[in-house]
Amino acid sequence: MCIRDRMYAKSNGKFTFRYLHAAKSVVETITRAQMFAEPSVRYASDNFLSSLVLGYDHDYGEDELLLHVDDELDAEFQALYGMTHRYEADTLLNTEEDVEDLAERLLATYAQVARWVPVMTSIEHIQLELMDDVTVNLDRASKPRFGDTDMRVYGIRKDVMAGTVELTLRGIE
């Protein structure tokens with residue numbers, strides 16, 4: 001699970017940095033009629049965080065980092081799901097306020113078992129990029145299921161020759 005700021009190559013050959021952000025504006029809507037197959041919803045029980053250990057303010061002389069530990073949700077997740085997941089990372093942050101802000105953003109996004117949905121759609125959605133927010137209809141063809149749901153793009157496979165865009169979407173709760 002990648003949760004740090006990253007540099008991505010966009011489909012136009014340019015590079016961009018993407019970061020965790022609160023759901024703000026939906027870029028596009030993908031209707032049920034625009035999908036080539038019925039969406040299959042998966043809840044990845046190994047893809048959540050219940051605690052964080054973030055290293056910051058690196059002392060290069062001693063080769064040591066200060067640690068920020070946030071494990072307040074461990075007991076709740078143990079009771080709810082019977083398991084916990086701890087994420088440990090070293091950062092380049094220097095202040096305690098910055099690392100607390102990062103921890104808050106990470107837990108706001110990943111302290112839940114989210115809905116993951118692969119969607120195969122037409123080439124009309126080719127302009128979507130990683131970390132874009134979309135609304136997608138997750139109803140079955142025969143009956144309602146989840147309705148219109150806001151999701152974030154975490155994976156893209158574009159096949160121009162076949163005229164398809166395969167998206168890996170994660171629910172925004």
# chains A, B, ... in the order shown; residues from 1 in each chain; ligands from 1
call {"tool": "residues_around", "arguments": {"residues": "stretch 64-66 of chain A", "least_positions_apart": "6", "cutoff": "10 Å", "atoms": "only C-alpha atoms", "output": "mmCIF file with all heavy atoms, in the first residue's frame"}}
result
data_model
loop_
_atom_site.group_PDB
_atom_site.id
_atom_site.type_symbol
_atom_site.label_atom_id
_atom_site.label_comp_id
_atom_site.auth_asym_id
_atom_site.auth_seq_id
_atom_site.Cartn_x
_atom_site.Cartn_y
_atom_site.Cartn_z
ATOM 1 N N LEU A 54 5.825 7.090 12.326
ATOM 2 C CA LEU A 54 6.471 7.932 11.326
ATOM 3 C C LEU A 54 7.749 8.522 11.896
ATOM 4 O O LEU A 54 7.727 9.152 12.951
ATOM 5 C CB LEU A 54 5.530 9.058 10.881
ATOM 6 C CG LEU A 54 4.225 8.615 10.234
ATOM 7 C CD1 LEU A 54 3.338 9.815 9.963
ATOM 8 C CD2 LEU A 54 4.493 7.841 8.956
ATOM 9 N N GLY A 55 8.852 8.314 11.203
ATOM 10 C CA GLY A 55 10.121 8.906 11.591
ATOM 11 C C GLY A 55 10.258 10.290 10.985
ATOM 12 O O GLY A 55 9.873 10.519 9.843
ATOM 13 N N TYR A 56 10.815 11.228 11.755
ATOM 14 C CA TYR A 56 10.993 12.590 11.256
ATOM 15 C C TYR A 56 12.201 13.233 11.934
ATOM 16 O O TYR A 56 12.770 12.680 12.867
ATOM 17 C CB TYR A 56 9.723 13.427 11.486
ATOM 18 C CG TYR A 56 9.421 13.741 12.926
ATOM 19 C CD1 TYR A 56 9.721 14.986 13.466
ATOM 20 C CD2 TYR A 56 8.829 12.798 13.759
ATOM 21 C CE1 TYR A 56 9.442 15.278 14.789
ATOM 22 C CE2 TYR A 56 8.539 13.079 15.081
ATOM 23 C CZ TYR A 56 8.854 14.325 15.589
ATOM 24 O OH TYR A 56 8.582 14.605 16.901
ATOM 25 N N ASP A 57 12.583 14.405 11.454
ATOM 26 C CA ASP A 57 13.701 15.187 11.999
ATOM 27 C C ASP A 57 14.966 14.336 12.117
ATOM 28 O O ASP A 57 15.501 14.111 13.196
ATOM 29 C CB ASP A 57 13.324 15.795 13.351
ATOM 30 C CG ASP A 57 14.278 16.914 13.740
ATOM 31 O OD1 ASP A 57 14.988 17.435 12.844
ATOM 32 O OD2 ASP A 57 14.332 17.263 14.931
ATOM 33 N N HIS A 58 15.440 13.891 10.952
ATOM 34 C CA HIS A 58 16.599 13.010 10.890
ATOM 35 C C HIS A 58 17.870 13.715 11.378
ATOM 36 O O HIS A 58 18.222 14.773 10.888
ATOM 37 C CB HIS A 58 16.781 12.518 9.454
ATOM 38 C CG HIS A 58 17.772 11.413 9.321
ATOM 39 N ND1 HIS A 58 18.513 11.226 8.191
ATOM 40 C CD2 HIS A 58 18.144 10.422 10.172
ATOM 41 C CE1 HIS A 58 19.300 10.184 8.344
ATOM 42 N NE2 HIS A 58 19.082 9.677 9.532
ATOM 43 N N ASP A 90 9.814 6.281 7.264
ATOM 44 C CA ASP A 90 10.674 7.420 7.565
ATOM 45 C C ASP A 90 10.311 8.533 6.603
ATOM 46 O O ASP A 90 10.090 8.302 5.422
ATOM 47 C CB ASP A 90 12.148 7.045 7.388
ATOM 48 C CG ASP A 90 12.590 5.986 8.379
ATOM 49 O OD1 ASP A 90 11.918 5.818 9.402
ATOM 50 O OD2 ASP A 90 13.599 5.315 8.108
ATOM 51 N N THR A 91 10.216 9.742 7.107
ATOM 52 C CA THR A 91 9.859 10.886 6.275
ATOM 53 C C THR A 91 11.010 11.880 6.250
ATOM 54 O O THR A 91 11.972 11.764 7.009
ATOM 55 C CB THR A 91 8.597 11.591 6.811
ATOM 56 O OG1 THR A 91 8.925 12.255 8.038
ATOM 57 C CG2 THR A 91 7.460 10.613 7.033
ATOM 58 N N LEU A 92 10.880 12.864 5.411
ATOM 59 C CA LEU A 92 11.842 13.961 5.356
ATOM 60 C C LEU A 92 11.328 15.182 6.116
ATOM 61 O O LEU A 92 11.927 16.254 6.040
ATOM 62 C CB LEU A 92 12.134 14.339 3.905
ATOM 63 C CG LEU A 92 12.771 13.233 3.064
ATOM 64 C CD1 LEU A 92 12.897 13.681 1.624
ATOM 65 C CD2 LEU A 92 14.121 12.838 3.636
ATOM 66 N N ASN A 94 10.539 17.738 9.198
ATOM 67 C CA ASN A 94 11.415 18.197 10.272
ATOM 68 C C ASN A 94 10.693 18.592 11.546
ATOM 69 O O ASN A 94 11.296 18.620 12.607
ATOM 70 C CB ASN A 94 12.252 19.389 9.796
ATOM 71 C CG ASN A 94 13.275 18.979 8.768
ATOM 72 O OD1 ASN A 94 13.868 17.918 8.862
ATOM 73 N ND2 ASN A 94 13.457 19.818 7.766
ATOM 74 N N THR A 95 9.410 18.921 11.453
ATOM 75 C CA THR A 95 8.720 19.400 12.649
ATOM 76 C C THR A 95 7.635 18.418 13.088
ATOM 77 O O THR A 95 7.060 17.690 12.275
ATOM 78 C CB THR A 95 8.066 20.770 12.411
ATOM 79 O OG1 THR A 95 7.025 20.619 11.448
ATOM 80 C CG2 THR A 95 9.087 21.797 11.947
ATOM 81 N N GLU A 96 7.349 18.452 14.375
ATOM 82 C CA GLU A 96 6.318 17.580 14.932
ATOM 83 C C GLU A 96 4.946 17.939 14.375
ATOM 84 O O GLU A 96 4.117 17.057 14.127
ATOM 85 C CB GLU A 96 6.318 17.696 16.456
ATOM 86 C CG GLU A 96 5.400 16.718 17.122
ATOM 87 C CD GLU A 96 5.512 16.738 18.635
ATOM 88 O OE1 GLU A 96 6.252 17.589 19.183
ATOM 89 O OE2 GLU A 96 4.854 15.899 19.262
#
call {"tool": "closest_atom_pairs", "arguments": {"of": "stretch 26-111 of chain A", "to": "stretch 152-170 of chain A", "cutoff": "10 Å", "atoms": "only C-alpha atoms", "output": "CSV"}}
result
residue,atom,partner,partner_atom,distance
A:Val26,CA,A:Arg152,CA,9.0
A:Val27,CA,A:Arg152,CA,10.0
A:Met35,CA,A:Thr164,CA,9.8
A:Phe36,CA,A:Thr164,CA,8.9
A:Val41,CA,A:Leu169,CA,9.8
A:Arg42,CA,A:Arg170,CA,9.6
A:Tyr43,CA,A:Arg170,CA,9.6
call {"tool": "write_last_selection", "arguments": {"atoms": "N, CA and C atoms", "output": "CSV table (one decimal), in the first residue's frame"}}
result
chain,number,residue,atom,x,y,z
A,26,VAL,N,-15.5,16.0,-7.9
A,26,VAL,CA,-15.6,14.8,-8.7
A,26,VAL,C,-15.3,15.3,-10.2
A,27,VAL,N,-14.4,14.7,-10.8
A,27,VAL,CA,-13.9,15.0,-12.1
A,27,VAL,C,-14.9,14.5,-13.2
A,35,MET,N,-20.0,1.0,-18.6
A,35,MET,CA,-19.2,-0.1,-18.2
A,35,MET,C,-19.4,-1.3,-19.1
A,36,PHE,N,-18.2,-2.0,-19.4
A,36,PHE,CA,-18.3,-3.2,-20.2
A,36,PHE,C,-18.6,-4.4,-19.5
A,41,VAL,N,-17.3,-5.7,-6.5
A,41,VAL,CA,-16.8,-5.0,-5.3
A,41,VAL,C,-16.0,-5.9,-4.4
A,42,ARG,N,-14.9,-5.4,-3.9
A,42,ARG,CA,-14.0,-6.2,-3.0
A,42,ARG,C,-13.7,-5.3,-1.8
A,43,TYR,N,-13.7,-5.9,-0.6
A,43,TYR,CA,-13.3,-5.2,0.6
A,43,TYR,C,-11.9,-5.8,1.0
call {"tool": "select_by_dssp", "arguments": {"residues": "stretch 4-139 of chain A", "states": "strand (DSSP E)", "output": "ChimeraX atom specification"}}
result
/A:6-9,15-18,28-30,42-43,51-59,64-70,86-90,115-122,133-137
call {"tool": "atom_distance", "arguments": {"atom1": "atom CA of A:Asp98", "atom2": "atom CA of A:Thr84"}}
result
24.8 Å
call {"tool": "atom_distance", "arguments": {"atom1": "atom CA of A:Val136", "atom2": "atom CA of A:Ala103"}}
result
28.6 Å
